[in-house]
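Chemist: One structure coming up, written as structure tokens, with questions to follow.
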Amino acid sequence: MMPGGRMNPKQMKAMMKRMGIDQEEMPGVEEVIIKTKTKELVFKDAVVTAVSVQGQKTYQVVGIPQERERRREEGEEEGGVPEDDIKRVMSQTGCSAAEAKKALQETDGAPAEAILKIMSSRM
């Protein structure tokens with residue numbers, strides 16, 4: 001720590017580089033959307049910084065989010081299960097669409113886990 005508790009930005013950057021930390025601001029970011037199962041957080045004109053620590057990249061988003069209800073994407077059924085995933089599970093297991101959808105919902109949308117779940121329940 002520097003006397004007075006302050007460090008100049010050049011010194012801070014040099015110290016971070018010695019520790020294997022690289023930080024860069026991403027230019028030209030127009031919008032960042034964070035999707036949950038029920039809502040979306042939309043950051044307009046956000047400042048996004050990419051921080052690399054020992055090969056692992058982390059993104060920091062700074063801005064004021066607007067919250068909105070989650071929009072369905074093309075090919076996504078009501079309930080958030082993509083139609084392609086339902087078809088994939090059906091083709092691999094021979095189950096009905098309802099069974100495939102239920103298994104996908106129970107496995108948080110992971111097709112491979114849903115297939116295993118259905119196959120193991122049939123043994």
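Simple scheme: letters A, B, ... for chains in structure tokens order, numbers from 1 for residues in each chain, numbers from 1 for ligands in the order shown.
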Between region 52-111 of chain A and region 13-21 of chain A, at 12 Å or less, what are the per-residue closest atom pairs and their distances in Å? Count only C-alpha atoms, order by chain and rising residue number, and return it as a Markdown table.
Modeler:
| residue | atom | partner | partner_atom | distance |
| --- | --- | --- | --- | --- |
| A:Ser52 | CA | A:Ile21 | CA | 5.6 |
| A:Val53 | CA | A:Ile21 | CA | 4.7 |
| A:Gln54 | CA | A:Gly20 | CA | 5.9 |
| A:Gly55 | CA | A:Gly20 | CA | 8.7 |
| A:Gln56 | CA | A:Ile21 | CA | 9.7 |
| A:Lys57 | CA | A:Ile21 | CA | 9.8 |
| A:Thr58 | CA | A:Ile21 | CA | 10.8 |
Chemist: Output as an MDAnalysis selection string all residues of region 9-123 of chain A that backbone DSSP marks as alpha helix (DSSP H).
Modeler: chainID A and resid 9:18 83:93 97:106 111:121
Chemist: Quick one: everything within 6 Å of region 30-32 of chain A, counting only C-alpha atoms, minus sequence neighbours fewer than 3 positions away in the same chain. Send it as a list of chain:residue names.
Modeler: A:Val42, A:Phe43, A:Lys44, A:Asp45
Chemist: Within 8 Å of region 109-117 of chain A, counting only C-alpha atoms, which residues qualify if same-chain residues fewer than 6 places away don't, as number ranges by chain?
Modeler: A: 81, 85-86, 88-89, 92-93, 100, 103
Chemist: Mind dumping the selected residues with C-alpha atoms as a short mmCIF file (atom, residue, chain, number, x, y, z; two decimals), in the first residue's frame?
Modeler:
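The file below, again.cif, is the result:
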data_model
loop_
_atom_site.label_atom_id
_atom_site.label_comp_id
_atom_site.auth_asym_id
_atom_site.auth_seq_id
_atom_site.Cartn_x
_atom_site.Cartn_y
_atom_site.Cartn_z
CA VAL A 81 -37.75 -25.29 -23.58
CA ASP A 85 -33.95 -29.84 -27.67
CA ILE A 86 -37.33 -31.56 -27.40
CA ARG A 88 -33.29 -34.20 -29.99
CA VAL A 89 -34.43 -35.95 -26.80
CA GLN A 92 -32.57 -40.35 -29.00
CA THR A 93 -35.07 -41.98 -26.65
CA ALA A 100 -39.06 -35.00 -23.42
CA ALA A 103 -37.32 -34.35 -18.57
#
Chemist: From the list A:Gln11, A:Gln60, A:Gln23, A:Thr107, which residue is nearest Val47 (chain A) when using only C-alpha atoms?
Modeler: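 When distances to Val47 (chain A) are compared using only C-alpha atoms, the smallest one comes from A:Gln60.
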Chemist: In Å, with one decimal, what is the gap from CA of Val51 (chain A) to CA of Ile33 (chain A)?
Modeler: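 Taking CA of Val51 (chain A) as the start and CA of Ile33 (chain A) as the end point, the length is 18.9 Å.
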Chemist: Measure the distance from CA of Glu67 (chain A) to CA of Glu83 (chain A) in Å and round it to one decimal.
Modeler: 26.0 Å
Chemist: Could you state the separation of CA of Val29 (chain A) and CA of Pro82 (chain A) in Å, given to one decimal place?
Modeler: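 So the two atoms, CA of Val29 (chain A) and CA of Pro82 (chain A), lie 27.8 Å apart.
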Chemist: From the set A:Met90, A:Met123, A:Val61, A:Met12, which residue has the shortest atom-to-atom contact distance to Leu104 (chain A), counting only C-alpha atoms?
Modeler: A:Met90
Chemist: When distances are computed from only C-alpha atoms, which of A:Asn8, A:Gln66, A:Ser96, A:Gln105 shows the smallest separation from Ala46 (chain A)?
Modeler: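 Closest to Ala46 (chain A), using only C-alpha atoms: A:Gln66.
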Chemist: Given only C-alpha atoms as the basis, pick out the residue of A:Met119, A:Lys102, A:Glu24, A:Ala97 nearest to Tyr59 (chain A).
Modeler: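 Among A:Met119, A:Lys102, A:Glu24, A:Ala97, it is A:Glu24 that comes nearest to Tyr59 (chain A).
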Chemist: Determine which residues of chain A receive a DSSP assignment of strand (DSSP E or B), computed from the backbone, and state them as a count of residues only.
Modeler: 37
Chemist: Please determine, counting only C-alpha atoms, which residue among A:Met7, A:Lys35, A:Gly94, A:Glu25 has the shortest atom-to-atom distance to Val62 (chain A).
Modeler: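 The shortest atom-to-atom distance to Val62 (chain A) comes from A:Glu25.
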